[in-house]
Structure formats: C-alpha cells, structure tokens
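Peer 1: I am sharing target04.cif, which consists of mmCIF, C-alpha atoms:
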```
data_target
loop_
_atom_site.group_PDB
_atom_site.id
_atom_site.type_symbol
_atom_site.label_atom_id
_atom_site.label_comp_id
_atom_site.auth_asym_id
_atom_site.auth_seq_id
_atom_site.Cartn_x
_atom_site.Cartn_y
_atom_site.Cartn_z
ATOM 1 C CA MET P 1 -9.974 93.576 41.707
ATOM 2 C CA ASN P 2 -11.980 91.578 39.324
ATOM 3 C CA PRO P 3 -10.561 88.107 38.616
ATOM 4 C CA THR P 4 -11.576 88.300 34.979
ATOM 5 C CA ASP P 5 -9.423 91.398 34.534
ATOM 6 C CA LEU P 6 -6.219 89.534 35.449
ATOM 7 C CA PRO P 7 -4.083 88.449 32.489
ATOM 8 C CA LEU P 8 -4.126 84.758 33.497
ATOM 9 C CA ARG P 9 -4.668 82.000 31.073
ATOM 10 C CA ASP P 10 -6.410 78.743 31.625
ATOM 11 C CA ILE P 11 -4.382 75.787 32.965
ATOM 12 C CA HIS P 12 -2.791 73.730 30.195
ATOM 13 C CA LEU P 13 -1.727 70.203 30.990
ATOM 14 C CA PRO P 14 1.442 68.947 29.349
ATOM 15 C CA ALA P 15 1.022 66.597 26.423
ATOM 16 C CA GLU P 16 0.625 62.915 27.210
ATOM 17 C CA PRO P 17 3.974 61.160 27.100
ATOM 18 C CA GLY P 18 4.269 59.281 23.827
ATOM 19 C CA PHE P 19 5.399 55.777 23.189
ATOM 20 C CA TRP P 20 8.602 57.077 21.661
ATOM 21 C CA PRO P 21 11.294 57.754 22.835
ATOM 22 C CA LEU P 22 11.464 54.977 25.349
ATOM 23 C CA ALA P 23 12.522 55.478 28.906
ATOM 24 C CA PRO P 24 16.100 54.449 29.793
ATOM 25 C CA GLY P 25 14.893 51.381 31.691
ATOM 26 C CA TRP P 26 13.284 50.017 28.530
ATOM 27 C CA TRP P 27 16.503 50.541 26.576
ATOM 28 C CA ILE P 28 18.402 48.567 29.208
ATOM 29 C CA LEU P 29 15.817 45.787 29.050
ATOM 30 C CA ILE P 30 15.992 45.668 25.247
ATOM 31 C CA ALA P 31 19.813 45.578 25.295
ATOM 32 C CA LEU P 32 19.767 42.787 27.855
ATOM 33 C CA SER P 33 17.239 40.807 25.812
ATOM 34 C CA LEU P 34 19.324 41.184 22.659
ATOM 35 C CA ALA P 35 22.495 40.176 24.478
ATOM 36 C CA LEU P 36 20.836 37.092 25.966
ATOM 37 C CA THR P 37 19.368 36.132 22.598
ATOM 38 C CA ALA P 38 22.751 36.521 20.888
ATOM 39 C CA TRP P 39 24.450 34.469 23.617
ATOM 40 C CA GLY P 40 21.786 31.755 23.324
ATOM 41 C CA LEU P 41 22.185 31.590 19.555
ATOM 42 C CA TRP P 42 25.954 31.441 19.891
ATOM 43 C CA ARG P 43 25.708 28.560 22.403
ATOM 44 C CA TRP P 44 23.184 26.735 20.229
ATOM 45 C CA ARG P 45 25.407 27.031 17.152
ATOM 46 C CA ALA P 46 28.446 25.912 19.123
ATOM 47 C CA ALA P 47 26.576 22.874 20.460
ATOM 48 C CA ARG P 48 25.293 22.071 16.989
ATOM 49 C CA ALA P 49 28.790 22.339 15.500
ATOM 50 C CA ARG P 50 30.139 20.210 18.336
ATOM 51 C CA ARG P 51 27.564 17.494 17.645
ATOM 52 C CA ALA P 52 28.395 17.664 13.931
ATOM 53 C CA ARG P 53 32.121 17.235 14.679
ATOM 54 C CA LEU P 54 31.415 14.227 16.869
ATOM 55 C CA GLN P 55 29.220 12.731 14.143
ATOM 56 C CA ALA P 56 32.019 13.270 11.609
ATOM 57 C CA ILE P 57 34.511 11.510 13.871
ATOM 58 C CA LEU P 58 32.135 8.622 14.441
ATOM 59 C CA ALA P 59 31.473 8.432 10.676
ATOM 60 C CA VAL P 60 35.204 7.975 10.042
ATOM 61 C CA LEU P 61 35.236 5.269 12.709
ATOM 62 C CA GLN P 62 32.246 3.604 11.028
ATOM 63 C CA GLN P 63 34.020 3.720 7.656
ATOM 64 C CA ALA P 64 37.010 1.944 9.174
ATOM 65 C CA GLU P 65 34.684 -0.617 10.725
ATOM 66 C CA ASP P 66 32.868 -1.177 7.415
ATOM 67 C CA ARG P 67 36.161 -1.501 5.532
ATOM 68 C CA TYR P 68 37.259 -4.121 8.065
ATOM 69 C CA ALA P 69 33.944 -5.997 7.742
ATOM 70 C CA GLN P 70 34.531 -6.283 3.993
ATOM 71 C CA SER P 71 38.250 -7.067 3.946
ATOM 72 C CA HIS P 72 38.919 -8.630 7.377
ATOM 73 C CA ASP P 73 42.313 -6.934 7.231
ATOM 74 C CA ALA P 74 43.201 -6.304 10.888
ATOM 75 C CA HIS P 75 46.430 -4.530 9.944
ATOM 76 C CA ARG P 76 44.507 -2.004 7.815
ATOM 77 C CA LEU P 77 41.950 -1.566 10.622
ATOM 78 C CA ALA P 78 44.729 -0.888 13.121
ATOM 79 C CA GLN P 79 46.239 1.691 10.757
ATOM 80 C CA ASP P 80 42.844 3.366 10.241
ATOM 81 C CA LEU P 81 42.099 3.495 13.973
ATOM 82 C CA SER P 82 45.573 4.741 14.816
ATOM 83 C CA ASP P 83 45.271 7.439 12.156
ATOM 84 C CA LEU P 84 41.833 8.431 13.470
ATOM 85 C CA LEU P 85 43.142 8.756 17.025
ATOM 86 C CA ARG P 86 46.099 10.866 15.925
ATOM 87 C CA ARG P 87 43.844 13.129 13.846
ATOM 88 C CA TYR P 88 41.468 13.431 16.801
ATOM 89 C CA VAL P 89 44.285 14.420 19.158
ATOM 90 C CA ARG P 90 45.783 16.881 16.676
ATOM 91 C CA HIS P 91 42.603 18.615 15.495
ATOM 92 C CA VAL P 92 40.052 18.265 18.277
ATOM 93 C CA ARG P 93 42.295 18.248 21.319
ATOM 94 C CA GLY P 94 44.710 20.683 19.640
ATOM 95 C CA ASP P 95 47.769 18.797 20.895
ATOM 96 C CA THR P 96 50.207 18.591 17.983
ATOM 97 C CA THR P 97 53.121 17.409 20.126
ATOM 98 C CA ALA P 98 51.256 14.333 21.390
ATOM 99 C CA THR P 99 50.884 12.921 17.884
ATOM 100 C CA SER P 100 54.637 12.300 17.765
ATOM 101 C CA LEU P 101 54.412 9.958 20.754
ATOM 102 C CA SER P 102 54.595 6.232 20.191
ATOM 103 C CA GLY P 103 54.441 2.978 22.094
ATOM 104 C CA GLN P 104 53.857 3.176 25.835
ATOM 105 C CA ALA P 105 53.938 7.000 25.863
ATOM 106 C CA TRP P 106 51.135 7.152 23.275
ATOM 107 C CA ALA P 107 49.081 4.547 25.169
ATOM 108 C CA ASP P 108 49.579 6.492 28.409
ATOM 109 C CA TYR P 109 48.558 9.746 26.714
ATOM 110 C CA LEU P 110 45.368 8.190 25.341
ATOM 111 C CA THR P 111 44.590 6.635 28.724
ATOM 112 C CA GLY P 112 44.999 10.088 30.260
ATOM 113 C CA LEU P 113 42.182 11.386 28.039
ATOM 114 C CA LEU P 114 39.700 9.180 29.848
ATOM 115 C CA PRO P 115 38.052 10.229 33.101
ATOM 116 C CA ALA P 116 39.571 8.523 36.135
ATOM 117 C CA SER P 117 36.522 6.277 36.531
ATOM 118 C CA ALA P 118 36.960 4.829 33.014
ATOM 119 C CA ARG P 119 40.731 4.284 33.123
ATOM 120 C CA SER P 120 41.988 0.750 33.331
ATOM 121 C CA SER P 121 45.139 -1.188 32.631
ATOM 122 C CA ASP P 122 43.175 -3.177 30.048
ATOM 123 C CA PHE P 123 42.527 0.034 28.102
ATOM 124 C CA ARG P 124 46.229 0.851 28.113
ATOM 125 C CA VAL P 125 47.029 -2.696 26.920
ATOM 126 C CA GLN P 126 44.442 -2.371 24.116
ATOM 127 C CA MET P 127 45.922 0.950 22.963
ATOM 128 C CA LEU P 128 49.437 -0.469 23.022
ATOM 129 C CA ALA P 129 48.312 -3.538 21.032
ATOM 130 C CA LEU P 130 46.564 -1.265 18.521
ATOM 131 C CA GLU P 131 49.689 0.869 18.165
ATOM 132 C CA ASN P 132 51.848 -2.225 17.580
ATOM 133 C CA ALA P 133 49.334 -3.770 15.154
ATOM 134 C CA ALA P 134 49.396 -0.656 12.973
ATOM 135 C CA PHE P 135 53.043 -1.445 12.179
ATOM 136 C CA ASN P 136 52.772 -5.222 11.946
ATOM 137 C CA PRO P 137 51.438 -6.536 8.617
ATOM 138 C CA ARG P 138 50.739 -9.955 10.151
ATOM 139 C CA THR P 139 48.256 -8.665 12.685
ATOM 140 C CA SER P 140 45.867 -11.205 14.108
ATOM 141 C CA PRO P 141 42.177 -10.246 13.687
ATOM 142 C CA GLU P 142 41.056 -11.610 17.075
ATOM 143 C CA LYS P 143 41.228 -8.228 18.834
ATOM 144 C CA ALA P 144 39.732 -6.136 16.028
ATOM 145 C CA ARG P 145 36.261 -5.837 17.574
ATOM 146 C CA GLN P 146 37.808 -4.824 20.922
ATOM 147 C CA TRP P 147 39.889 -2.144 19.222
ATOM 148 C CA ILE P 148 36.829 -0.626 17.556
ATOM 149 C CA ASP P 149 34.886 -0.614 20.832
ATOM 150 C CA THR P 150 37.849 0.785 22.745
ATOM 151 C CA VAL P 151 38.394 3.612 20.256
ATOM 152 C CA ARG P 152 34.667 4.419 20.280
ATOM 153 C CA GLN P 153 34.717 4.521 24.109
ATOM 154 C CA LEU P 154 37.780 6.772 24.088
ATOM 155 C CA ILE P 155 36.239 9.186 21.600
ATOM 156 C CA HIS P 156 32.978 9.456 23.545
ATOM 157 C CA HIS P 157 34.667 9.989 26.908
ATOM 158 C CA ALA P 158 37.412 12.283 25.669
ATOM 159 C CA TYR P 159 35.063 14.335 23.495
ATOM 160 C CA GLN P 160 32.872 15.099 26.505
ATOM 161 C CA GLN P 161 35.926 16.545 28.245
ATOM 162 C CA THR P 162 37.068 18.611 25.253
ATOM 163 C CA PRO P 163 36.602 22.350 25.838
ATOM 164 C CA HIS P 164 33.588 23.676 23.943
ATOM 165 C CA GLY P 165 35.487 26.293 21.991
ATOM 166 C CA GLU P 166 37.846 23.857 20.297
ATOM 167 C CA ALA P 167 37.716 23.616 16.514
ATOM 168 C CA ALA P 168 37.799 20.282 14.767
ATOM 169 C CA ARG P 169 38.572 19.127 11.272
ATOM 170 C CA VAL P 170 38.488 15.386 10.838
#
```
Reformat the file's structure so that it appears as structure tokens.
Peer 2:
Amino acid sequence: MNPTDLPLRDIHLPAEPGFWPLAPGWWILIALSLALTAWGLWRWRAARARRARLQAILAVLQQAEDRYAQSHDAHRLAQDLSDLLRRYVRHVRGDTTATSLSGQAWADYLTGLLPASARSSDFRVQMLALENAAFNPRTSPEKARQWIDTVRQLIHHAYQQTPHGEAARV
C-alpha cells in the first residue's frame, strides 16, 4: 500500500492558548488581591476616621482650655470638662448608663478607663474634685491646670483602648 493513497491529513496542532479566559488560579489570585485591597482601604479609612474623632475630642478640650485662659472661670472649666467626659463616655465608649453616675462612682468609672499602669489614687481624687467643682460656683482655680492635664491623659489612654469599630460624635 502506498502511503500517499491513505486518506490521512497532515498533523494540525491546536491553537495557542489565548490570554483570555484566564485560568482558575489567576481568578483566585485576582479575587484575593481585590479582597486584600478592599480590606486595606477599609482599615485605612477606619484609622483615618479614628484619628479625626480623636482630633475633634482634643479640639473641644482645647476650646475649654482657651475659654478658661480668657475668663479664668474655674467653675465653667469644670463644667466644660465634665460635659466633655460625659459626651466621650456616651458617644465614643458607647456606655449610656455610665453617664448617669456621679460622685465616687463616676470617678471610679473614669479611673477604670485607664490602663492599670496609669491608674492612681491621685487620678481618682482629681476626677472627684472636677465632678464636685462642676456643681460649685465658688470653685477655686488652683487645680484648673491639673484638671485639663488629667482629662487629656484620660482621653489619650482611654481612646487607645476603645474598640476600633466604635462610632463617635463629639
């Protein structure tokens, strides 16, 4: 038999695989990349919003400090700082029941917001004096600077311990 008489055709190679559609491994890699990018953006926005909330809280504290520098009214300063702390606890910490506390219970609650290494009896005494000064129109201005520093310390320490997903409106 003559090989040219056989009805065989020449060998045809399959077409080169194209760029599209992608192999399943590439789809998995793309999905993973998109998920990681979305997660990174979400974390970045959350951190940015968190920094903005802290700046807003500190701006309110600075306004109270500036108002005190102009008027030297320690009673008004104590009211402003007490109001700031209650707003912080209600909106940032999300604890609406704690804002009804007063006196020693309020001072103990605020002391509990600090990490154990920063807690002291002096802090509790300062918070109790601030709470009492907010209701006493004849407040002596000698502790005003300590109150501002104590509230600033509390906000910085407590804000670092606040869960990242918490919303804040100050």
Peer 1: Smallest atom-to-atom distance to Ala144 (chain P): which of P:Arg119, P:Arg87, P:Arg124, P:His75, using all atoms listed in the file?
Peer 2: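 Residue with the minimum atom-to-atom distance to Ala144 (chain P): P:His75.
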Peer 1: Which residues, named as in the file, does the PyMOL selection byres ((chain P and resi 153) around 12) pick out? Answer as a PyMOL selection string.
Peer 2: chain P and resi 58+61+85+110-111+113-115+118-119+123+126-127+146-152+154-160
Peer 1: Find the residues near Asp83 (chain P): any atom within 12 Å, counting only C-alpha atoms, skip ones fewer than 2 places away on the same chain, and give them as number ranges by chain.
Peer 2: P: 57, 60-61, 64, 76-81, 85-91, 99-100, 130-131, 134-135, 151, 170
Peer 1: So which one's closest to Ala116 (chain P), P:Ser82, P:Leu13, P:Gln161, P:Arg43? Using only C-alpha atoms, please.
Peer 2: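 Under the stated criterion, the closest residue is P:Gln161.
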Peer 1: Please, what distance in Å, to one decimal, runs between CA of Pro141 (chain P) and CA of Ala129 (chain P)?
Peer 2: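 These atoms are spaced 11.7 Å apart.
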Peer 1: Assuming 5 Å of padding per side, give the centre and edge lengths of the axis-aligned box around every listed atom of region 19-25 of chain P, in Å to one decimal and as AutoDock Vina command-line options.
Peer 2:
```
--center_x 10.7 --center_y 54.6 --center_z 26.7 --size_x 20.7 --size_y 16.4 --size_z 20.0
```
Peer 1: Could you jot down the CA of Ala59 (chain P) to CA of Val92 (chain P) separation for me, Å, one decimal place?
Peer 2: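 Distance reported for this atom pair: 15.1 Å.
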Peer 1: Starting from the sparse input, extend region 2-21 of chain P to N, CA and C atoms and give the output as a PDB file, in the coordinates of the input.
Peer 2:
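Dumped everything to rebuild30.pdb:
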```
ATOM      1  N   ASN P   2     -11.128  92.543  39.987  1.00  0.00           N
ATOM      2  CA  ASN P   2     -11.980  91.578  39.324  1.00  0.00           C
ATOM      3  C   ASN P   2     -11.110  90.449  38.750  1.00  0.00           C
ATOM      4  N   PRO P   3     -11.412  89.192  39.102  1.00  0.00           N
ATOM      5  CA  PRO P   3     -10.561  88.107  38.616  1.00  0.00           C
ATOM      6  C   PRO P   3     -10.567  87.972  37.105  1.00  0.00           C
ATOM      7  N   THR P   4     -11.559  88.402  36.441  1.00  0.00           N
ATOM      8  CA  THR P   4     -11.576  88.300  34.979  1.00  0.00           C
ATOM      9  C   THR P   4     -10.668  89.333  34.337  1.00  0.00           C
ATOM     10  N   ASP P   5     -10.298  90.373  35.091  1.00  0.00           N
ATOM     11  CA  ASP P   5      -9.423  91.398  34.534  1.00  0.00           C
ATOM     12  C   ASP P   5      -7.937  90.997  34.590  1.00  0.00           C
ATOM     13  N   LEU P   6      -7.609  89.962  35.354  1.00  0.00           N
ATOM     14  CA  LEU P   6      -6.219  89.534  35.449  1.00  0.00           C
ATOM     15  C   LEU P   6      -5.785  88.842  34.140  1.00  0.00           C
ATOM     16  N   PRO P   7      -4.547  89.056  33.742  1.00  0.00           N
ATOM     17  CA  PRO P   7      -4.083  88.449  32.489  1.00  0.00           C
ATOM     18  C   PRO P   7      -3.647  86.976  32.661  1.00  0.00           C
ATOM     19  N   LEU P   8      -4.441  86.170  33.298  1.00  0.00           N
ATOM     20  CA  LEU P   8      -4.126  84.758  33.497  1.00  0.00           C
ATOM     21  C   LEU P   8      -4.787  83.911  32.421  1.00  0.00           C
ATOM     22  N   ARG P   9      -4.081  82.911  32.042  1.00  0.00           N
ATOM     23  CA  ARG P   9      -4.668  82.000  31.073  1.00  0.00           C
ATOM     24  C   ARG P   9      -5.149  80.752  31.793  1.00  0.00           C
ATOM     25  N   ASP P  10      -5.888  79.982  31.071  1.00  0.00           N
ATOM     26  CA  ASP P  10      -6.410  78.743  31.625  1.00  0.00           C
ATOM     27  C   ASP P  10      -5.251  77.760  31.811  1.00  0.00           C
ATOM     28  N   ILE P  11      -5.403  76.791  32.701  1.00  0.00           N
ATOM     29  CA  ILE P  11      -4.382  75.787  32.965  1.00  0.00           C
ATOM     30  C   ILE P  11      -4.285  74.859  31.749  1.00  0.00           C
ATOM     31  N   HIS P  12      -3.050  74.663  31.303  1.00  0.00           N
ATOM     32  CA  HIS P  12      -2.791  73.730  30.195  1.00  0.00           C
ATOM     33  C   HIS P  12      -1.963  72.570  30.736  1.00  0.00           C
ATOM     34  N   LEU P  13      -2.473  71.382  30.581  1.00  0.00           N
ATOM     35  CA  LEU P  13      -1.727  70.203  30.990  1.00  0.00           C
ATOM     36  C   LEU P  13      -0.683  69.871  29.928  1.00  0.00           C
ATOM     37  N   PRO P  14       0.448  69.325  30.352  1.00  0.00           N
ATOM     38  CA  PRO P  14       1.442  68.947  29.349  1.00  0.00           C
ATOM     39  C   PRO P  14       0.895  67.804  28.488  1.00  0.00           C
ATOM     40  N   ALA P  15       1.464  67.653  27.339  1.00  0.00           N
ATOM     41  CA  ALA P  15       1.022  66.597  26.423  1.00  0.00           C
ATOM     42  C   ALA P  15       1.290  65.243  27.060  1.00  0.00           C
ATOM     43  N   GLU P  16       0.445  64.291  26.717  1.00  0.00           N
ATOM     44  CA  GLU P  16       0.625  62.915  27.210  1.00  0.00           C
ATOM     45  C   GLU P  16       1.966  62.393  26.708  1.00  0.00           C
ATOM     46  N   PRO P  17       2.699  61.713  27.587  1.00  0.00           N
ATOM     47  CA  PRO P  17       3.974  61.160  27.100  1.00  0.00           C
ATOM     48  C   PRO P  17       3.703  60.134  26.006  1.00  0.00           C
ATOM     49  N   GLY P  18       4.455  60.196  24.950  1.00  0.00           N
ATOM     50  CA  GLY P  18       4.269  59.281  23.827  1.00  0.00           C
ATOM     51  C   GLY P  18       4.990  57.958  24.046  1.00  0.00           C
ATOM     52  N   PHE P  19       4.748  57.089  23.134  1.00  0.00           N
ATOM     53  CA  PHE P  19       5.399  55.777  23.189  1.00  0.00           C
ATOM     54  C   PHE P  19       6.896  55.927  22.913  1.00  0.00           C
ATOM     55  N   TRP P  20       7.219  56.871  22.079  1.00  0.00           N
ATOM     56  CA  TRP P  20       8.602  57.077  21.661  1.00  0.00           C
ATOM     57  C   TRP P  20       9.058  58.442  22.087  1.00  0.00           C
ATOM     58  N   PRO P  21      10.187  58.648  22.548  1.00  0.00           N
ATOM     59  CA  PRO P  21      11.294  57.754  22.835  1.00  0.00           C
ATOM     60  C   PRO P  21      11.048  56.982  24.137  1.00  0.00           C
TER      61      PRO P  21
END
```
